[in-house]
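J.: Here's a structure for you.
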Amino acid sequence: MPYHEFECSKCIPERKQHAVDKGPGENVTDALPLGYQNTIPGSISERGCAYCGAKHVIGTPMKDVIHMSHGPVGCTYDTWQTKRYISDNDNFQLKYTYATDMKEKHIVFGAEKLLKQNIIEAFKAFPTMKRMTIYQTCASALIGDDMNAIAQEVMDDMPDVDIFVCNSPGFAGPSQSGGHHKINIAWINQKVGQVEPKITSDYVINYVGEYNIQGDQEVMLDFFKRMGIQVLSTFTGNGSYDDLRAMHKAHLNVLECARSAEYICNELRVRYGIPRLDIDGFGFGPMSDTLMKIGMFFGIEDRARAIIAEETAKWKPELDWYRERLTGKKVCLWPGGSKLWHWAHVIHAEMGVNVVSVYTKFGHQGDMEKGIARCEEGALAIDDPNELEGLEALERLKPDVIFTGKRPGEVAKKVGVPYLNAHAYHNGPYKGYEGWVRFARDIYNAIYSPIHQLSLVDISKDEIPAEPRFMTQRMISDATLSAEITSSTEMRQYSGKYDTIAALRAKTYPSFPRTSTQLSAT
Amino acid sequence: MEDSLNHKVEQLVDYIMKHCLWQFHSRTWDRERQNKEILAKTTQILCDEPVDKETPEARCYWVDAKSLAEAFQTRYPWLNAMGKDEIKGLMEGLKERIDFLTIKGSLNEELNDPRY
């Protein structure tokens with residue numbers, strides 16, 4: 001087993017089993033780090049807590065809901081300006097955040113009255129909102145407030161409202177992943193099966209594990225609508241509370257992020273007989289495979305083919321322009337969970353970059369199996385790294401760019417490594433064909449930004465040239481390319497708009513006549 | 001001869017590992033079912049044999065199998081020159097190898113956790 005021992009972590013020997021080098025000819029049975037373990041004392045982890053995983057990853061993207069934390073106000077930190085899971089109702093769930101604001105006196109005397117008062121106050125302040133989720137925090141869990149009882153009291157008094165209670169305090173798992181599990185199971189136990197939806201198509205899916213980062217869900221919805229598929233619910237990006245209560249009526253669960261949402265798909269399979277189809281929505285090849293698979297499931301693969309042909313013809317020349325300029329660049333792929341494996345192969349195959357390291361903050365060993373299987377030999381795979389290990393890896397690997405979250409990303413910038421936000425994106429959406437070109441464009445801009453001519457010079461020791469020598473992006477990126485490539489009339493830079501989502505929201509779709517009620521899974 | 005077969009199996013394994021997700025479900029029992037159903041259906045498609053796709057579950061397996069079979073036929077032209085018995089032998093070797101990589105030889109300590 002080729003474990004990788006960091007110099008900075010020699011004083012924490014348990015860390016050695018959390019990093020491996022994928023050597024020549026080795027596979028997932030030779031090399032696999034430990035995963036989903038409690039963070040080792042002494043290692044300053046970058047993880048979130050189980051409350052964060054339940055509320056800020058999965059719960060809050062639901063759009064037509066008052067999301068209330070029963071705990072100290074600080075627990076609500078991740079909201080407007082820190083999260084980018086947008087919604088088509090003017091981002092209600094991001095703009096407004098609620099906490100019961102527990103203080104020491106509530107820890108001593110209990111906070112159930114405070115909770116009830118806050119629930120009623122919030123419904124009165126936003127009278128058009130009739131749905132609420134309440135999230136337990138460490139504080140309210142430790143004092144044993146009965147949130148379910150309070151929620152039921154309010155629902156008895158206010159029959160037009162519905163409340164979902166999520167008992168996932170911060171300490172309920174090694175990382176945010178524990179919270180993903182808890183809210184998946186809580187939702188299917190408490191809410192699925194309560195609403196009977198209006199079925200408008202012969203082809204009905206739940207789109208699961210998709211959080212509408214900068215509009216990703218809406219890009220995918222566009223493809224599904226063009227195929228005549230009814231998306232009954234999205235779990236949970238841009239998703240509606242009542243739509244998600246009707247998940248049991250879909251014919252197929254299309255699962256994007258298996259890390260955060262496989263649990264509900266597995267339960268829907270067992271309880272309602274709805275099959276689970278795991279997909280990749282990133283990259284031209286994986287996106288085309290996905291549309292074809294869904295098309296084949298419903299017998300409408302001709303509709304998928306038409307979309308693939310149209311989108312590929314439109315966007316492939318633009319992807320090629322960036323591929324020529326990104327080939328050979330070294331990338332550290334350090335996201336939270338699923339993008340580790342969604343991107344590990346396809347950015348190499350379609351953009352030509354080399355993934356020199358993969359890491360995950362909260363992934364399980366199954367995620368590392370997928371990621372290591374997909375990345376190339378020589379990559380360093382790290383589970384739950386601390387900041388010093390990240391810095392040591394950057395020093396050793398010398399990547400041209402790093403894809404990660406905003407906290408480790410800012411650290412990378414300080415040591416001269418350009419960073420792209422793998423969680424919230426820089427200029428997304430990144431899904432779909434155009435989205436993939438936007439991602440390539442963002443990578444190009446990160447690597448070839450002219451600012452590096454100034455920011456990467458250390459004025460304390462580097463020689464500063466006397467003559468002005470400013471170079472544009474194109475001068476840098478095209479310096480070693482052949483004239484055939486630089487003067488190509490086929491390839492071109494990204495031609496899309498700054499905002500690609502507004503047009504999708506205004507779009508109308510053809511109606512497809514229904515032929516039968518086939519493929520009912522229940 | 002055996003080296004040649006192993007080489008072909010490894011090419012198919014590499015495709016699955018880089019492009020598919022179905023082989024990495026979370027638990028041993030789930031991976032056993034996924035590998036068995038999808039690779040059996042892939043074999044049937046490659047051998048022009050009838051494939052069960054009547055139930056939603058069977059149809060979902062068939063979708064992954066059909067996609068895999070088409071990719072194999074496109075990427076590995078040598079497959080199209082093989083007879084049905086040869087293809088079945090090849091696919092048995094592939095199933096054995098995928099079972100090893102994802103189940104029997106897997107280092108994933110969660111595979112046998114009784115809870116999801």
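By convention here, the chains of the structure tokens are called A, B, ... in the order presented, each chain's residues are numbered starting at 1, and ligands are numbered starting at 1 in the order presented.
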Could you build a table of the residues in chain B lying no more than 7 Å from chain A, giving for each the nearest pair of atoms and their separation in Å rounded to one decimal place, using only C-alpha atoms, ordered by chain and ascending residue number, as JSON lines?

T.:
{"residue": "B:Met17", "atom": "CA", "partner": "A:Ala373", "partner_atom": "CA", "distance": 5.6}
{"residue": "B:Lys18", "atom": "CA", "partner": "A:Arg374", "partner_atom": "CA", "distance": 4.6}
{"residue": "B:Leu21", "atom": "CA", "partner": "A:Asp278", "partner_atom": "CA", "distance": 6.3}
{"residue": "B:Trp22", "atom": "CA", "partner": "A:Asp278", "partner_atom": "CA", "distance": 6.6}
{"residue": "B:Phe24", "atom": "CA", "partner": "A:Gly366", "partner_atom": "CA", "distance": 6.7}
{"residue": "B:Ser26", "atom": "CA", "partner": "A:Gly366", "partner_atom": "CA", "distance": 6.5}
{"residue": "B:Pro56", "atom": "CA", "partner": "A:Leu519", "partner_atom": "CA", "distance": 6.3}
{"residue": "B:Glu57", "atom": "CA", "partner": "A:Pro275", "partner_atom": "CA", "distance": 5.3}
{"residue": "B:Arg59", "atom": "CA", "partner": "A:Phe297", "partner_atom": "CA", "distance": 6.3}
{"residue": "B:Cys60", "atom": "CA", "partner": "A:Pro275", "partner_atom": "CA", "distance": 6.4}
{"residue": "B:Val63", "atom": "CA", "partner": "A:Lys293", "partner_atom": "CA", "distance": 5.6}
{"residue": "B:Asp64", "atom": "CA", "partner": "A:Lys293", "partner_atom": "CA", "distance": 6.9}
{"residue": "B:Ser67", "atom": "CA", "partner": "A:Lys293", "partner_atom": "CA", "distance": 6.9}
{"residue": "B:Leu101", "atom": "CA", "partner": "A:Thr29", "partner_atom": "CA", "distance": 6.1}
{"residue": "B:Gly105", "atom": "CA", "partner": "A:Thr29", "partner_atom": "CA", "distance": 5.6}
{"residue": "B:Ser106", "atom": "CA", "partner": "A:Thr29", "partner_atom": "CA", "distance": 5.3}
{"residue": "B:Leu107", "atom": "CA", "partner": "A:Thr29", "partner_atom": "CA", "distance": 6.0}
{"residue": "B:Asn108", "atom": "CA", "partner": "A:Gln365", "partner_atom": "CA", "distance": 5.6}

J.: Could those selected residues go to a file with N, CA and C atoms, as a PDB file, in the first residue's frame?

T.:
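As written to disk, again_27.pdb reads:
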ATOM      1  N   MET B  17     -14.188   1.703 -15.434  1.00  0.00           N
ATOM      2  CA  MET B  17     -13.697   2.488 -14.299  1.00  0.00           C
ATOM      3  C   MET B  17     -13.686   3.992 -14.595  1.00  0.00           C
ATOM      4  N   LYS B  18     -13.389   4.356 -15.842  1.00  0.00           N
ATOM      5  CA  LYS B  18     -13.287   5.782 -16.167  1.00  0.00           C
ATOM      6  C   LYS B  18     -14.642   6.418 -16.489  1.00  0.00           C
ATOM      7  N   LEU B  21     -20.511   4.555 -13.273  1.00  0.00           N
ATOM      8  CA  LEU B  21     -20.675   4.737 -11.824  1.00  0.00           C
ATOM      9  C   LEU B  21     -21.388   3.560 -11.171  1.00  0.00           C
ATOM     10  N   TRP B  22     -22.060   2.730 -11.970  1.00  0.00           N
ATOM     11  CA  TRP B  22     -22.922   1.684 -11.418  1.00  0.00           C
ATOM     12  C   TRP B  22     -22.161   0.636 -10.602  1.00  0.00           C
ATOM     13  N   PHE B  24     -19.925   1.084  -8.391  1.00  0.00           N
ATOM     14  CA  PHE B  24     -19.446   1.557  -7.092  1.00  0.00           C
ATOM     15  C   PHE B  24     -20.590   1.930  -6.151  1.00  0.00           C
ATOM     16  N   SER B  26     -22.804   1.455  -2.697  1.00  0.00           N
ATOM     17  CA  SER B  26     -22.156   1.578  -1.377  1.00  0.00           C
ATOM     18  C   SER B  26     -21.885   0.283  -0.630  1.00  0.00           C
ATOM     19  N   PRO B  56     -39.480  -1.778 -14.440  1.00  0.00           N
ATOM     20  CA  PRO B  56     -38.623  -0.572 -14.342  1.00  0.00           C
ATOM     21  C   PRO B  56     -37.201  -0.908 -13.899  1.00  0.00           C
ATOM     22  N   GLU B  57     -37.075  -1.818 -12.961  1.00  0.00           N
ATOM     23  CA  GLU B  57     -35.746  -2.181 -12.467  1.00  0.00           C
ATOM     24  C   GLU B  57     -34.899  -2.820 -13.575  1.00  0.00           C
ATOM     25  N   ARG B  59     -35.348  -2.530 -16.739  1.00  0.00           N
ATOM     26  CA  ARG B  59     -35.117  -1.549 -17.791  1.00  0.00           C
ATOM     27  C   ARG B  59     -33.953  -0.621 -17.430  1.00  0.00           C
ATOM     28  N   CYS B  60     -33.860  -0.294 -16.169  1.00  0.00           N
ATOM     29  CA  CYS B  60     -32.766   0.577 -15.720  1.00  0.00           C
ATOM     30  C   CYS B  60     -31.411  -0.134 -15.870  1.00  0.00           C
ATOM     31  N   VAL B  63     -30.530  -0.129 -19.549  1.00  0.00           N
ATOM     32  CA  VAL B  63     -30.037   1.158 -20.041  1.00  0.00           C
ATOM     33  C   VAL B  63     -28.516   1.268 -19.856  1.00  0.00           C
ATOM     34  N   ASP B  64     -28.045   0.914 -18.657  1.00  0.00           N
ATOM     35  CA  ASP B  64     -26.593   0.957 -18.421  1.00  0.00           C
ATOM     36  C   ASP B  64     -25.879  -0.077 -19.294  1.00  0.00           C
ATOM     37  N   SER B  67     -25.763   1.091 -23.031  1.00  0.00           N
ATOM     38  CA  SER B  67     -24.775   2.154 -23.184  1.00  0.00           C
ATOM     39  C   SER B  67     -23.360   1.563 -23.171  1.00  0.00           C
ATOM     40  N   LEU B 101     -12.237  -6.092  -8.277  1.00  0.00           N
ATOM     41  CA  LEU B 101     -11.858  -4.697  -8.031  1.00  0.00           C
ATOM     42  C   LEU B 101     -12.847  -3.966  -7.131  1.00  0.00           C
ATOM     43  N   GLY B 105     -11.649  -7.724  -3.725  1.00  0.00           N
ATOM     44  CA  GLY B 105     -10.357  -7.113  -3.422  1.00  0.00           C
ATOM     45  C   GLY B 105     -10.475  -5.695  -2.906  1.00  0.00           C
ATOM     46  N   SER B 106     -11.708  -5.218  -2.734  1.00  0.00           N
ATOM     47  CA  SER B 106     -11.898  -3.816  -2.351  1.00  0.00           C
ATOM     48  C   SER B 106     -11.373  -3.544  -0.945  1.00  0.00           C
ATOM     49  N   LEU B 107     -10.776  -2.384  -0.778  1.00  0.00           N
ATOM     50  CA  LEU B 107     -10.260  -1.961   0.535  1.00  0.00           C
ATOM     51  C   LEU B 107     -11.270  -1.082   1.274  1.00  0.00           C
ATOM     52  N   ASN B 108     -12.466  -0.954   0.708  1.00  0.00           N
ATOM     53  CA  ASN B 108     -13.507  -0.096   1.275  1.00  0.00           C
ATOM     54  C   ASN B 108     -14.108  -0.760   2.515  1.00  0.00           C
TER      55      ASN B 108
END

J.: Pick out the residues sitting within 7 Å of Ile38 (chain B), and hand them over as a list in words; count only C-alpha atoms, and ignore anything fewer than 4 positions along from it in its own chain.

T.: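 Here the qualifying residues turn out to be Gln34, Thr42, Tyr61, Trp62, Asp64 and Ala65 of chain B.
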
J.: Only N, CA and C atoms, please: the residues just picked out, written as a compact mmCIF listing (two decimals), in the first residue's frame.

T.:
# COMPACT_ATOMS: atom_id res chain seq x y z
N GLN B 34 -25.57 -5.11 -8.88
CA GLN B 34 -25.30 -4.23 -10.02
C GLN B 34 -24.40 -4.92 -11.05
N THR B 42 -25.29 -6.82 -20.66
CA THR B 42 -24.32 -6.37 -21.67
C THR B 42 -23.91 -7.56 -22.54
N TYR B 61 -31.38 -1.40 -15.53
CA TYR B 61 -30.14 -2.17 -15.75
C TYR B 61 -29.82 -2.24 -17.25
N TRP B 62 -30.86 -2.46 -18.06
CA TRP B 62 -30.68 -2.56 -19.50
C TRP B 62 -30.10 -1.27 -20.09
N ASP B 64 -28.04 0.91 -18.66
CA ASP B 64 -26.59 0.96 -18.42
C ASP B 64 -25.88 -0.08 -19.29
N ALA B 65 -26.51 -1.25 -19.46
CA ALA B 65 -25.89 -2.31 -20.27
C ALA B 65 -25.81 -1.92 -21.73

J.: Can you check which residues of region 297-361 of chain A DSSP gives as strand (DSSP E) on the backbone and send them as a VMD selection string?

T.: chain A and resid 330 to 333 354 to 360

J.: Using only C-alpha atoms, determine which residues lie at most 10 Å from Ile16 (chain B), disregarding the query and same-chain residues fewer than 3 positions distant; provide the list as number ranges by chain.

T.: A: 373-374; B: 10-13, 19-23, 68, 71-72, 98

J.: For C-alpha atoms, I'd like the residues from the last selection saved as a PDB file, in the first residue's frame.

T.:
ATOM      1  CA  ALA A 373     -10.274   4.771 -10.551  1.00  0.00           C
ATOM      2  CA  ARG A 374     -10.903   7.760 -12.787  1.00  0.00           C
TER       3      ARG A 374
ATOM      4  CA  GLU B  10      -8.197  -4.825 -18.917  1.00  0.00           C
ATOM      5  CA  GLN B  11      -9.209  -2.508 -21.749  1.00  0.00           C
ATOM      6  CA  LEU B  12     -12.881  -3.096 -20.912  1.00  0.00           C
ATOM      7  CA  VAL B  13     -12.181  -2.664 -17.193  1.00  0.00           C
ATOM      8  CA  HIS B  19     -16.820   6.196 -17.512  1.00  0.00           C
ATOM      9  CA  CYS B  20     -19.300   4.295 -15.332  1.00  0.00           C
ATOM     10  CA  LEU B  21     -20.675   4.737 -11.824  1.00  0.00           C
ATOM     11  CA  TRP B  22     -22.922   1.684 -11.418  1.00  0.00           C
ATOM     12  CA  GLN B  23     -20.113  -0.568 -10.163  1.00  0.00           C
ATOM     13  CA  LEU B  68     -21.824  -0.021 -22.177  1.00  0.00           C
ATOM     14  CA  ALA B  71     -19.254   1.981 -26.141  1.00  0.00           C
ATOM     15  CA  PHE B  72     -17.394  -1.339 -26.238  1.00  0.00           C
ATOM     16  CA  ILE B  98     -14.883  -6.172 -11.839  1.00  0.00           C
TER      17      ILE B  98
END

J.: So which residues touch Met91 (chain B) within 12 Å, counting only C-alpha atoms, skipping near sequence neighbours fewer than 2 positions away, as a PyMOL selection string?

T.: chain B and resi 5-6+8-13+35-36+38-47+69+72+79+82+84-89+93-99

J.: Write out as a PDB file with C-alpha atoms, in the first residue's frame which residues come within 12 Å of region 409-413 of chain A when counting only C-alpha atoms, dropping same-chain ones fewer than 6 positions away.

T.:
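Result file is selection10.pdb:
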ATOM      1  CA  GLU A  46     -11.599  21.815   6.922  1.00  0.00           C
ATOM      2  CA  CYS A 332      -5.276  19.768  -8.017  1.00  0.00           C
ATOM      3  CA  LEU A 333      -8.879  18.575  -7.856  1.00  0.00           C
ATOM      4  CA  TRP A 334      -9.788  19.258  -4.258  1.00  0.00           C
ATOM      5  CA  PRO A 335     -13.564  19.567  -3.955  1.00  0.00           C
ATOM      6  CA  ASN A 386      -5.491  19.785   7.055  1.00  0.00           C
ATOM      7  CA  GLU A 387      -4.190  23.129   5.877  1.00  0.00           C
ATOM      8  CA  LEU A 388      -0.509  22.294   6.343  1.00  0.00           C
ATOM      9  CA  GLU A 389      -0.869  19.115   4.283  1.00  0.00           C
ATOM     10  CA  GLY A 390      -2.541  21.144   1.559  1.00  0.00           C
ATOM     11  CA  LEU A 391       0.342  23.603   1.519  1.00  0.00           C
ATOM     12  CA  GLU A 392       2.920  20.797   1.466  1.00  0.00           C
ATOM     13  CA  ALA A 393       1.124  19.132  -1.449  1.00  0.00           C
ATOM     14  CA  LEU A 394       1.018  22.408  -3.393  1.00  0.00           C
ATOM     15  CA  GLU A 395       4.730  22.919  -2.805  1.00  0.00           C
ATOM     16  CA  LYS A 398       3.329  22.741  -8.217  1.00  0.00           C
ATOM     17  CA  PRO A 399      -0.095  22.741  -9.914  1.00  0.00           C
ATOM     18  CA  ASP A 400      -1.085  25.388 -12.439  1.00  0.00           C
ATOM     19  CA  VAL A 401      -4.541  25.717 -10.875  1.00  0.00           C
ATOM     20  CA  ILE A 402      -6.551  24.312  -8.005  1.00  0.00           C
ATOM     21  CA  PHE A 403     -10.292  23.555  -7.934  1.00  0.00           C
ATOM     22  CA  TYR A 419      -7.915  28.856  -7.607  1.00  0.00           C
ATOM     23  CA  LEU A 420     -11.368  28.119  -9.023  1.00  0.00           C
ATOM     24  CA  ASN A 421     -14.325  27.589  -6.737  1.00  0.00           C
ATOM     25  CA  ALA A 422     -15.363  23.966  -7.198  1.00  0.00           C
ATOM     26  CA  HIS A 423     -18.356  24.244  -4.878  1.00  0.00           C
ATOM     27  CA  ALA A 424     -20.063  27.510  -5.710  1.00  0.00           C
ATOM     28  CA  TYR A 425     -18.267  28.107  -9.054  1.00  0.00           C
ATOM     29  CA  HIS A 426     -16.796  31.322 -10.366  1.00  0.00           C
ATOM     30  CA  ALA A 446      -7.441  31.562 -13.847  1.00  0.00           C
ATOM     31  CA  ILE A 447      -4.251  30.139 -15.340  1.00  0.00           C
ATOM     32  CA  ILE A 451      -2.239  39.626 -12.816  1.00  0.00           C
ATOM     33  CA  HIS A 452       0.219  36.785 -12.204  1.00  0.00           C
ATOM     34  CA  SER A 455       1.300  38.883  -8.061  1.00  0.00           C
ATOM     35  CA  LEU A 456       3.755  36.022  -8.515  1.00  0.00           C
TER      36      LEU A 456
END
